[in-house]
Amino acid sequence: MGEESKVVVHGTWASAFTKRVELALKIKGIPFEYVEENLRNKSPLLLKYNPVHKKVPVLVHNGKPICESVIILEYIDETWPSGTKLLPQEPYQRAKFRFWAAYIEQLLDSVAKLFNTEKAAQGKALEEVHEKLRILEDGVKEFYFVEKSPDHVHAEKLGMLDIMMVGHLVAFKAQEEVLGVKIIDPEKNPFIASWIQALIQLPMVKETLPPHDNMVGLLQFVKQTGIKLMDKSRGHDRDLKGKLQSSTQGTM
């Protein structure tokens with residue numbers, strides 16, 4: 001890849017938002033350079049490329065930065081239109097994809113409440129998560145898979161909603177292990193459970209996801225300290241990586 005078309009991703013290892021950008025580039029077959037950021041000691045380049053929010057991920061293409069992961073996904077889809085399309089061409093279907101992508105973001109906020117709430121309120125937060133999963137289950141399977149089944153999931157067919165699910169809900173096993181609660185129930189959410197399992201089996205997805213043990217360590221730290229898991233302005237990683245460095249250095 002020539003310097004004029006160089007692609008660089010600035011991110012952090014545990015950021016679901018970074019992982020969705022990485023996965024989108026892999027789906028499209030776009031080579032890229034990855035720069036791991038320490039959000040407690042942000043690099044001059046990160047501050048230069050994202051002076052407004054100073055957060056990851058940032059995609060740099062032709063020396064020009066693009067911020068906010070969903071915006072980056074659409075930029076990738078439009079800049080490299082050949083091959084797999086992350087969003088449908090038809091305007092109505094495209095709008096529906098955007099709607100459910102935004103809903104998955106809301107679901108992520110609800111999952112974060114499981115960590116950021118008092119024990120007495122955790123049950124209520126879990127009910128909220130289960131209700132949103134139910135709505136997502138009913139809404140997405142109506143149009144996303146024609147066969148009403150995720151069994152045909154293939155790397156060359158992954159789209160925006162697959163990427164959103166990979167970025168967030170595939171970490172549910174680590175979340176369940178740390179919290180001691182059942183987040184995704186195959187009996188209550190058979191479609192979502194099967195969809196996630198199908199995604200996890202893809203080599204491209206496996207190589208993109210952070211190690212399970214590292215995620216467990218991160219989430220245990222969050223639970224023990226009571227720090228905010230997500231930033232409400234799109235949930236990007238805050239200073240979790242830096243706070244974990246002293247105890248997990250060499251494993252990230």
# chains A, B, ... in the order shown; residues from 1 in each chain; ligands from 1

$ residues_around --residues "segment 122-124 of chain A" --least-positions-apart "2" --cutoff "12 Å" --atoms "only C-alpha atoms" --output "list in words"
Ser110, Val111, Ala112, Lys113, Leu114, Phe115, Asn116, Thr117, Glu118, Lys119, Ala120, Leu126, Glu127, Glu128, Val129, His130, Glu131, Leu179, Gly180, Val181, Lys182 and Ile183 of chain A

$ write_last_selection --atoms "N, CA, C and O atoms" --output "PDB file, in the first residue's frame"
ATOM      1  N   SER A 110     -26.924  -0.071  28.727  1.00  0.00           N
ATOM      2  CA  SER A 110     -27.647  -0.816  29.761  1.00  0.00           C
ATOM      3  C   SER A 110     -26.749  -1.865  30.404  1.00  0.00           C
ATOM      4  O   SER A 110     -26.792  -2.065  31.624  1.00  0.00           O
ATOM      5  N   VAL A 111     -25.940  -2.547  29.603  1.00  0.00           N
ATOM      6  CA  VAL A 111     -25.002  -3.531  30.148  1.00  0.00           C
ATOM      7  C   VAL A 111     -24.019  -2.850  31.095  1.00  0.00           C
ATOM      8  O   VAL A 111     -23.664  -3.391  32.153  1.00  0.00           O
ATOM      9  N   ALA A 112     -23.577  -1.642  30.742  1.00  0.00           N
ATOM     10  CA  ALA A 112     -22.634  -0.907  31.583  1.00  0.00           C
ATOM     11  C   ALA A 112     -23.217  -0.634  32.964  1.00  0.00           C
ATOM     12  O   ALA A 112     -22.485  -0.591  33.960  1.00  0.00           O
ATOM     13  N   LYS A 113     -24.539  -0.466  33.042  1.00  0.00           N
ATOM     14  CA  LYS A 113     -25.173  -0.198  34.331  1.00  0.00           C
ATOM     15  C   LYS A 113     -25.009  -1.355  35.310  1.00  0.00           C
ATOM     16  O   LYS A 113     -25.073  -1.164  36.525  1.00  0.00           O
ATOM     17  N   LEU A 114     -24.804  -2.551  34.781  1.00  0.00           N
ATOM     18  CA  LEU A 114     -24.604  -3.702  35.658  1.00  0.00           C
ATOM     19  C   LEU A 114     -23.340  -3.540  36.486  1.00  0.00           C
ATOM     20  O   LEU A 114     -23.230  -4.081  37.586  1.00  0.00           O
ATOM     21  N   PHE A 115     -22.381  -2.807  35.963  1.00  0.00           N
ATOM     22  CA  PHE A 115     -21.123  -2.567  36.663  1.00  0.00           C
ATOM     23  C   PHE A 115     -21.158  -1.274  37.470  1.00  0.00           C
ATOM     24  O   PHE A 115     -20.463  -1.153  38.476  1.00  0.00           O
ATOM     25  N   ASN A 116     -21.937  -0.329  37.001  1.00  0.00           N
ATOM     26  CA  ASN A 116     -21.901   1.009  37.587  1.00  0.00           C
ATOM     27  C   ASN A 116     -23.038   1.276  38.560  1.00  0.00           C
ATOM     28  O   ASN A 116     -23.438   2.408  38.760  1.00  0.00           O
ATOM     29  N   THR A 117     -23.599   0.249  39.145  1.00  0.00           N
ATOM     30  CA  THR A 117     -24.741   0.447  40.020  1.00  0.00           C
ATOM     31  C   THR A 117     -24.545  -0.288  41.335  1.00  0.00           C
ATOM     32  O   THR A 117     -23.720  -1.200  41.449  1.00  0.00           O
ATOM     33  N   GLU A 118     -25.300   0.109  42.364  1.00  0.00           N
ATOM     34  CA  GLU A 118     -25.270  -0.581  43.644  1.00  0.00           C
ATOM     35  C   GLU A 118     -25.886  -1.972  43.495  1.00  0.00           C
ATOM     36  O   GLU A 118     -26.704  -2.213  42.614  1.00  0.00           O
ATOM     37  N   LYS A 119     -25.479  -2.875  44.379  1.00  0.00           N
ATOM     38  CA  LYS A 119     -25.937  -4.251  44.297  1.00  0.00           C
ATOM     39  C   LYS A 119     -27.458  -4.349  44.301  1.00  0.00           C
ATOM     40  O   LYS A 119     -28.048  -5.144  43.549  1.00  0.00           O
ATOM     41  N   ALA A 120     -28.095  -3.524  45.110  1.00  0.00           N
ATOM     42  CA  ALA A 120     -29.551  -3.578  45.223  1.00  0.00           C
ATOM     43  C   ALA A 120     -30.239  -3.232  43.913  1.00  0.00           C
ATOM     44  O   ALA A 120     -31.351  -3.679  43.639  1.00  0.00           O
ATOM     45  N   LEU A 126     -30.417  -5.514  35.229  1.00  0.00           N
ATOM     46  CA  LEU A 126     -30.424  -6.754  34.445  1.00  0.00           C
ATOM     47  C   LEU A 126     -31.753  -6.924  33.719  1.00  0.00           C
ATOM     48  O   LEU A 126     -31.790  -7.384  32.572  1.00  0.00           O
ATOM     49  N   GLU A 127     -32.851  -6.548  34.364  1.00  0.00           N
ATOM     50  CA  GLU A 127     -34.156  -6.599  33.698  1.00  0.00           C
ATOM     51  C   GLU A 127     -34.168  -5.695  32.470  1.00  0.00           C
ATOM     52  O   GLU A 127     -34.742  -6.052  31.427  1.00  0.00           O
ATOM     53  N   GLU A 128     -33.552  -4.531  32.603  1.00  0.00           N
ATOM     54  CA  GLU A 128     -33.474  -3.602  31.473  1.00  0.00           C
ATOM     55  C   GLU A 128     -32.683  -4.209  30.322  1.00  0.00           C
ATOM     56  O   GLU A 128     -33.078  -4.101  29.146  1.00  0.00           O
ATOM     57  N   VAL A 129     -31.572  -4.867  30.645  1.00  0.00           N
ATOM     58  CA  VAL A 129     -30.755  -5.527  29.618  1.00  0.00           C
ATOM     59  C   VAL A 129     -31.563  -6.617  28.924  1.00  0.00           C
ATOM     60  O   VAL A 129     -31.590  -6.705  27.687  1.00  0.00           O
ATOM     61  N   HIS A 130     -32.250  -7.455  29.703  1.00  0.00           N
ATOM     62  CA  HIS A 130     -33.021  -8.554  29.124  1.00  0.00           C
ATOM     63  C   HIS A 130     -34.161  -8.039  28.248  1.00  0.00           C
ATOM     64  O   HIS A 130     -34.464  -8.636  27.202  1.00  0.00           O
ATOM     65  N   GLU A 131     -34.783  -6.943  28.656  1.00  0.00           N
ATOM     66  CA  GLU A 131     -35.869  -6.380  27.848  1.00  0.00           C
ATOM     67  C   GLU A 131     -35.335  -5.853  26.521  1.00  0.00           C
ATOM     68  O   GLU A 131     -35.944  -6.060  25.465  1.00  0.00           O
ATOM     69  N   LEU A 179     -19.685 -10.835  36.849  1.00  0.00           N
ATOM     70  CA  LEU A 179     -20.877 -10.370  37.555  1.00  0.00           C
ATOM     71  C   LEU A 179     -21.653 -11.484  38.246  1.00  0.00           C
ATOM     72  O   LEU A 179     -22.418 -11.237  39.176  1.00  0.00           O
ATOM     73  N   GLY A 180     -21.483 -12.721  37.769  1.00  0.00           N
ATOM     74  CA  GLY A 180     -22.241 -13.819  38.330  1.00  0.00           C
ATOM     75  C   GLY A 180     -23.704 -13.778  37.963  1.00  0.00           C
ATOM     76  O   GLY A 180     -24.553 -14.240  38.732  1.00  0.00           O
ATOM     77  N   VAL A 181     -24.026 -13.239  36.789  1.00  0.00           N
ATOM     78  CA  VAL A 181     -25.410 -13.173  36.309  1.00  0.00           C
ATOM     79  C   VAL A 181     -25.468 -13.730  34.887  1.00  0.00           C
ATOM     80  O   VAL A 181     -24.454 -13.839  34.209  1.00  0.00           O
ATOM     81  N   LYS A 182     -26.674 -14.072  34.466  1.00  0.00           N
ATOM     82  CA  LYS A 182     -26.888 -14.559  33.110  1.00  0.00           C
ATOM     83  C   LYS A 182     -27.368 -13.400  32.244  1.00  0.00           C
ATOM     84  O   LYS A 182     -28.450 -12.861  32.457  1.00  0.00           O
ATOM     85  N   ILE A 183     -26.524 -12.996  31.300  1.00  0.00           N
ATOM     86  CA  ILE A 183     -26.886 -11.860  30.446  1.00  0.00           C
ATOM     87  C   ILE A 183     -27.641 -12.338  29.211  1.00  0.00           C
ATOM     88  O   ILE A 183     -28.720 -11.829  28.901  1.00  0.00           O
TER      89      ILE A 183
END

$ residues_around --residues "segment 21-29 of chain A" --least-positions-apart "5" --cutoff "9 Å" --atoms "only C-alpha atoms" --output "PyMOL selection string"
chain A and resi 9+16+34+57-59+69-70+72-73+76-77+80-86+155-160+163+166-167+204-205+208

$ write_last_selection --atoms "N, CA and C atoms" --output "JSON list (two decimals), in the first residue's frame"
[["chain", "number", "residue", "atom", "x", "y", "z"],
["A", 9, "VAL", "N", -4.97, 2.83, 12.29],
["A", 9, "VAL", "CA", -6.01, 2.83, 13.32],
["A", 9, "VAL", "C", -5.35, 3.09, 14.67],
["A", 16, "ALA", "N", -14.24, -1.96, 22.53],
["A", 16, "ALA", "CA", -15.16, -2.57, 21.57],
["A", 16, "ALA", "C", -15.29, -1.70, 20.32],
["A", 34, "TYR", "N", -1.74, -0.63, 13.02],
["A", 34, "TYR", "CA", -2.44, -0.42, 14.28],
["A", 34, "TYR", "C", -1.52, 0.26, 15.29],
["A", 57, "PRO", "N", -11.76, 5.09, 18.82],
["A", 57, "PRO", "CA", -10.79, 4.92, 17.75],
["A", 57, "PRO", "C", -10.70, 6.14, 16.84],
["A", 58, "VAL", "N", -9.56, 6.21, 16.16],
["A", 58, "VAL", "CA", -9.38, 7.18, 15.08],
["A", 58, "VAL", "C", -8.82, 6.42, 13.89],
["A", 59, "LEU", "N", -9.44, 6.59, 12.73],
["A", 59, "LEU", "CA", -8.93, 6.04, 11.48],
["A", 59, "LEU", "C", -8.24, 7.17, 10.73],
["A", 69, "SER", "N", -16.66, 5.66, 15.85],
["A", 69, "SER", "CA", -16.59, 4.36, 15.19],
["A", 69, "SER", "C", -17.67, 4.12, 14.14],
["A", 70, "VAL", "N", -18.91, 4.50, 14.41],
["A", 70, "VAL", "CA", -19.96, 4.26, 13.41],
["A", 70, "VAL", "C", -19.71, 5.11, 12.17],
["A", 72, "ILE", "N", -16.81, 6.00, 11.17],
["A", 72, "ILE", "CA", -15.68, 5.35, 10.51],
["A", 72, "ILE", "C", -16.16, 4.16, 9.68],
["A", 73, "LEU", "N", -17.09, 3.37, 10.21],
["A", 73, "LEU", "CA", -17.61, 2.23, 9.47],
["A", 73, "LEU", "C", -18.24, 2.66, 8.16],
["A", 76, "ILE", "N", -15.52, 3.69, 5.73],
["A", 76, "ILE", "CA", -14.88, 2.51, 5.15],
["A", 76, "ILE", "C", -15.74, 1.93, 4.04],
["A", 77, "ASP", "N", -17.03, 1.82, 4.29],
["A", 77, "ASP", "CA", -17.95, 1.23, 3.30],
["A", 77, "ASP", "C", -18.02, 2.06, 2.03],
["A", 80, "TRP", "N", -14.23, 2.16, 0.17],
["A", 80, "TRP", "CA", -13.87, 0.90, -0.49],
["A", 80, "TRP", "C", -15.16, 0.15, -0.81],
["A", 81, "PRO", "N", -15.86, 0.55, -1.86],
["A", 81, "PRO", "CA", -17.19, 0.01, -2.15],
["A", 81, "PRO", "C", -17.19, -1.41, -2.73],
["A", 82, "SER", "N", -16.04, -1.87, -3.22],
["A", 82, "SER", "CA", -16.02, -3.21, -3.81],
["A", 82, "SER", "C", -16.07, -4.26, -2.72],
["A", 83, "GLY", "N", -16.50, -5.46, -3.08],
["A", 83, "GLY", "CA", -16.56, -6.55, -2.12],
["A", 83, "GLY", "C", -17.75, -6.43, -1.19],
["A", 84, "THR", "N", -17.58, -6.90, 0.03],
["A", 84, "THR", "CA", -18.66, -6.92, 1.01],
["A", 84, "THR", "C", -19.16, -5.52, 1.33],
["A", 85, "LYS", "N", -20.48, -5.35, 1.31],
["A", 85, "LYS", "CA", -21.08, -4.08, 1.71],
["A", 85, "LYS", "C", -21.49, -4.17, 3.18],
["A", 86, "LEU", "N", -21.05, -3.19, 3.95],
["A", 86, "LEU", "CA", -21.39, -3.19, 5.37],
["A", 86, "LEU", "C", -22.81, -2.72, 5.61],
["A", 155, "ALA", "N", -17.68, -14.97, 6.84],
["A", 155, "ALA", "CA", -16.86, -13.77, 6.94],
["A", 155, "ALA", "C", -17.10, -12.83, 5.77],
["A", 156, "GLU", "N", -17.30, -13.39, 4.57],
["A", 156, "GLU", "CA", -17.45, -12.54, 3.40],
["A", 156, "GLU", "C", -18.82, -11.87, 3.33],
["A", 157, "LYS", "N", -19.71, -12.19, 4.27],
["A", 157, "LYS", "CA", -21.05, -11.61, 4.26],
["A", 157, "LYS", "C", -21.31, -10.71, 5.48],
["A", 158, "LEU", "N", -20.32, -10.53, 6.32],
["A", 158, "LEU", "CA", -20.54, -9.75, 7.53],
["A", 158, "LEU", "C", -20.85, -8.30, 7.20],
["A", 159, "GLY", "N", -21.81, -7.72, 7.93],
["A", 159, "GLY", "CA", -22.19, -6.32, 7.72],
["A", 159, "GLY", "C", -22.10, -5.54, 9.02],
["A", 160, "MET", "N", -22.66, -4.34, 9.01],
["A", 160, "MET", "CA", -22.53, -3.44, 10.14],
["A", 160, "MET", "C", -23.07, -4.05, 11.44],
["A", 163, "ILE", "N", -20.78, -6.54, 12.92],
["A", 163, "ILE", "CA", -19.65, -5.85, 13.52],
["A", 163, "ILE", "C", -20.01, -5.28, 14.87],
["A", 166, "VAL", "N", -20.21, -8.16, 17.35],
["A", 166, "VAL", "CA", -18.87, -8.63, 17.69],
["A", 166, "VAL", "C", -18.21, -7.66, 18.66],
["A", 167, "GLY", "N", -18.35, -6.37, 18.39],
["A", 167, "GLY", "CA", -17.69, -5.37, 19.20],
["A", 167, "GLY", "C", -18.17, -5.33, 20.64],
["A", 204, "MET", "N", -11.64, -14.80, 11.46],
["A", 204, "MET", "CA", -11.42, -13.37, 11.39],
["A", 204, "MET", "C", -11.88, -12.68, 12.67],
["A", 205, "VAL", "N", -12.98, -13.17, 13.23],
["A", 205, "VAL", "CA", -13.50, -12.60, 14.47],
["A", 205, "VAL", "C", -12.61, -13.01, 15.64],
["A", 208, "THR", "N", -9.57, -10.98, 16.07],
["A", 208, "THR", "CA", -9.82, -9.57, 16.36],
["A", 208, "THR", "C", -10.15, -9.34, 17.83]]

$ residues_around --residues "Glu36 of chain A" --least-positions-apart "3" --cutoff "12 Å" --atoms "only C-alpha atoms" --output "MDAnalysis selection string"
chainID A and resid 8:15 18:19 33 39 41:43 45:46 56:58 241:242 252

$ select_by_dssp --residues "segment 31-244 of chain A" --states "strand (DSSP E or B)" --output "ChimeraX atom specification"
/A:33-36,58-61,64-67

$ closest_residue --among "A:Leu87, A:Ala193, A:Leu218, A:Leu202" --to "Leu136 of chain A" --atoms "only C-alpha atoms"
A:Ala193

$ closest_residue --among "A:Val60, A:Val170, A:Val52, A:Leu108" --to "Tyr75 of chain A" --atoms "only C-alpha atoms"
A:Val60

$ residues_around --residues "Trp100 of chain A" --least-positions-apart "2" --cutoff "9 Å" --atoms "only C-alpha atoms" --output "MDAnalysis selection string"
chainID A and resid 95:98 102:105 136 139:140 161

$ write_last_selection --atoms "N, CA and C atoms" --output "PDB file, in the first residue's frame"
ATOM      1  N   ALA A  95     -31.537   2.457   6.266  1.00  0.00           N
ATOM      2  CA  ALA A  95     -32.027   3.188   7.432  1.00  0.00           C
ATOM      3  C   ALA A  95     -32.326   2.240   8.594  1.00  0.00           C
ATOM      4  N   LYS A  96     -32.886   1.070   8.276  1.00  0.00           N
ATOM      5  CA  LYS A  96     -33.185   0.103   9.327  1.00  0.00           C
ATOM      6  C   LYS A  96     -31.902  -0.423   9.967  1.00  0.00           C
ATOM      7  N   PHE A  97     -30.885  -0.640   9.177  1.00  0.00           N
ATOM      8  CA  PHE A  97     -29.596  -1.071   9.731  1.00  0.00           C
ATOM      9  C   PHE A  97     -29.073  -0.012  10.697  1.00  0.00           C
ATOM     10  N   ARG A  98     -29.169   1.249  10.288  1.00  0.00           N
ATOM     11  CA  ARG A  98     -28.690   2.335  11.150  1.00  0.00           C
ATOM     12  C   ARG A  98     -29.496   2.398  12.450  1.00  0.00           C
ATOM     13  N   ALA A 102     -27.892   1.792  16.212  1.00  0.00           N
ATOM     14  CA  ALA A 102     -28.050   2.739  17.314  1.00  0.00           C
ATOM     15  C   ALA A 102     -28.670   2.048  18.531  1.00  0.00           C
ATOM     16  N   TYR A 103     -29.553   1.099  18.294  1.00  0.00           N
ATOM     17  CA  TYR A 103     -30.183   0.383  19.409  1.00  0.00           C
ATOM     18  C   TYR A 103     -29.169  -0.489  20.142  1.00  0.00           C
ATOM     19  N   ILE A 104     -28.261  -1.094  19.401  1.00  0.00           N
ATOM     20  CA  ILE A 104     -27.206  -1.889  20.034  1.00  0.00           C
ATOM     21  C   ILE A 104     -26.343  -1.002  20.916  1.00  0.00           C
ATOM     22  N   GLU A 105     -26.135   0.245  20.513  1.00  0.00           N
ATOM     23  CA  GLU A 105     -25.403   1.199  21.345  1.00  0.00           C
ATOM     24  C   GLU A 105     -26.144   1.419  22.668  1.00  0.00           C
ATOM     25  N   LEU A 136     -34.377  -6.459  20.675  1.00  0.00           N
ATOM     26  CA  LEU A 136     -33.390  -6.637  19.603  1.00  0.00           C
ATOM     27  C   LEU A 136     -33.606  -7.950  18.879  1.00  0.00           C
ATOM     28  N   GLY A 139     -36.686  -7.589  16.675  1.00  0.00           N
ATOM     29  CA  GLY A 139     -36.535  -6.618  15.605  1.00  0.00           C
ATOM     30  C   GLY A 139     -35.561  -7.018  14.522  1.00  0.00           C
ATOM     31  N   VAL A 140     -34.417  -7.532  14.917  1.00  0.00           N
ATOM     32  CA  VAL A 140     -33.374  -7.826  13.941  1.00  0.00           C
ATOM     33  C   VAL A 140     -33.710  -9.038  13.092  1.00  0.00           C
ATOM     34  N   LEU A 161     -24.233  -4.699  11.386  1.00  0.00           N
ATOM     35  CA  LEU A 161     -24.811  -5.227  12.621  1.00  0.00           C
ATOM     36  C   LEU A 161     -23.987  -6.381  13.174  1.00  0.00           C
TER      37      LEU A 161
END

$ select_by_dssp --residues "segment 24-204 of chain A" --states "helix (DSSP H, G or I)" --output "count of residues only"
106

$ atom_distance --atom1 "atom CA of Lys6 of chain A" --atom2 "atom CA of Asn62 of chain A"
5.8 Å

$ atom_distance --atom1 "atom CA of Ile184 of chain A" --atom2 "atom CA of Leu133 of chain A"
7.9 Å

$ atom_distance --atom1 "atom CA of Pro65 of chain A" --atom2 "atom CA of Pro31 of chain A"
16.5 Å

$ closest_residue --among "A:Cys67, A:Val178, A:Gln201, A:Asp185" --to "Val222 of chain A" --atoms "only C-alpha atoms"
A:Val178

$ closest_residue --among "A:Arg20, A:Glu177, A:Glu68, A:Pro186" --to "Pro210 of chain A" --atoms "only C-alpha atoms"
A:Arg20

$ decode --residues "segment 77-166 of chain A" --atoms "C-alpha atoms" --output "compact mmCIF listing (two decimals), in the first residue's frame"
# COMPACT_ATOMS: atom_id res chain seq x y z
CA ASP A 77 -17.95 1.23 3.30
CA GLU A 78 -18.09 4.26 1.02
CA THR A 79 -14.35 4.58 0.41
CA TRP A 80 -13.87 0.90 -0.49
CA PRO A 81 -17.19 0.01 -2.15
CA SER A 82 -16.02 -3.21 -3.81
CA GLY A 83 -16.56 -6.55 -2.12
CA THR A 84 -18.66 -6.92 1.01
CA LYS A 85 -21.08 -4.08 1.71
CA LEU A 86 -21.39 -3.19 5.37
CA LEU A 87 -24.69 -1.40 4.77
CA PRO A 88 -27.42 -2.22 2.24
CA GLN A 89 -27.69 -0.13 -0.91
CA GLU A 90 -31.47 0.22 -0.70
CA PRO A 91 -32.28 3.37 1.34
CA TYR A 92 -35.03 1.88 3.52
CA GLN A 93 -33.00 -1.19 4.47
CA ARG A 94 -29.99 1.05 5.05
CA ALA A 95 -32.03 3.19 7.43
CA LYS A 96 -33.18 0.10 9.33
CA PHE A 97 -29.60 -1.07 9.73
CA ARG A 98 -28.69 2.34 11.15
CA PHE A 99 -31.65 2.19 13.54
CA TRP A 100 -30.66 -1.19 14.98
CA ALA A 101 -27.00 -0.18 15.12
CA ALA A 102 -28.05 2.74 17.31
CA TYR A 103 -30.18 0.38 19.41
CA ILE A 104 -27.21 -1.89 20.03
CA GLU A 105 -25.40 1.20 21.35
CA GLN A 106 -28.27 1.73 23.80
CA LEU A 107 -28.04 -1.90 24.84
CA LEU A 108 -24.36 -1.39 25.60
CA ASP A 109 -25.25 1.49 27.92
CA SER A 110 -27.65 -0.82 29.76
CA VAL A 111 -25.00 -3.53 30.15
CA ALA A 112 -22.63 -0.91 31.58
CA LYS A 113 -25.17 -0.20 34.33
CA LEU A 114 -24.60 -3.70 35.66
CA PHE A 115 -21.12 -2.57 36.66
CA ASN A 116 -21.90 1.01 37.59
CA THR A 117 -24.74 0.45 40.02
CA GLU A 118 -25.27 -0.58 43.64
CA LYS A 119 -25.94 -4.25 44.30
CA ALA A 120 -29.55 -3.58 45.22
CA ALA A 121 -30.18 -1.99 41.83
CA GLN A 122 -28.36 -4.62 39.76
CA GLY A 123 -31.54 -6.69 39.40
CA LYS A 124 -33.37 -3.77 37.85
CA ALA A 125 -30.45 -3.09 35.51
CA LEU A 126 -30.42 -6.75 34.44
CA GLU A 127 -34.16 -6.60 33.70
CA GLU A 128 -33.47 -3.60 31.47
CA VAL A 129 -30.76 -5.53 29.62
CA HIS A 130 -33.02 -8.55 29.12
CA GLU A 131 -35.87 -6.38 27.85
CA LYS A 132 -33.61 -4.69 25.32
CA LEU A 133 -32.25 -8.06 24.22
CA ARG A 134 -35.82 -9.25 23.69
CA ILE A 135 -36.62 -6.22 21.55
CA LEU A 136 -33.39 -6.64 19.60
CA GLU A 137 -34.12 -10.32 19.06
CA ASP A 138 -37.59 -9.62 17.66
CA GLY A 139 -36.53 -6.62 15.61
CA VAL A 140 -33.37 -7.83 13.94
CA LYS A 141 -34.51 -11.30 12.92
CA GLU A 142 -37.48 -9.73 11.12
CA PHE A 143 -35.30 -8.42 8.33
CA TYR A 144 -31.63 -9.08 8.89
CA PHE A 145 -31.45 -12.76 7.98
CA VAL A 146 -33.82 -13.84 5.25
CA GLU A 147 -33.62 -17.42 6.52
CA LYS A 148 -34.49 -16.28 10.07
CA SER A 149 -31.34 -18.10 11.19
CA PRO A 150 -27.71 -17.05 11.73
CA ASP A 151 -26.42 -20.47 10.64
CA HIS A 152 -25.27 -19.08 7.29
CA VAL A 153 -22.96 -16.44 8.82
CA HIS A 154 -19.77 -16.19 6.76
CA ALA A 155 -16.86 -13.77 6.94
CA GLU A 156 -17.45 -12.54 3.40
CA LYS A 157 -21.05 -11.61 4.26
CA LEU A 158 -20.54 -9.75 7.53
CA GLY A 159 -22.19 -6.32 7.72
CA MET A 160 -22.53 -3.44 10.14
CA LEU A 161 -24.81 -5.23 12.62
CA ASP A 162 -22.50 -8.23 12.77
CA ILE A 163 -19.65 -5.85 13.52
CA MET A 164 -21.66 -4.13 16.23
CA MET A 165 -22.48 -7.48 17.84
CA VAL A 166 -18.87 -8.63 17.69
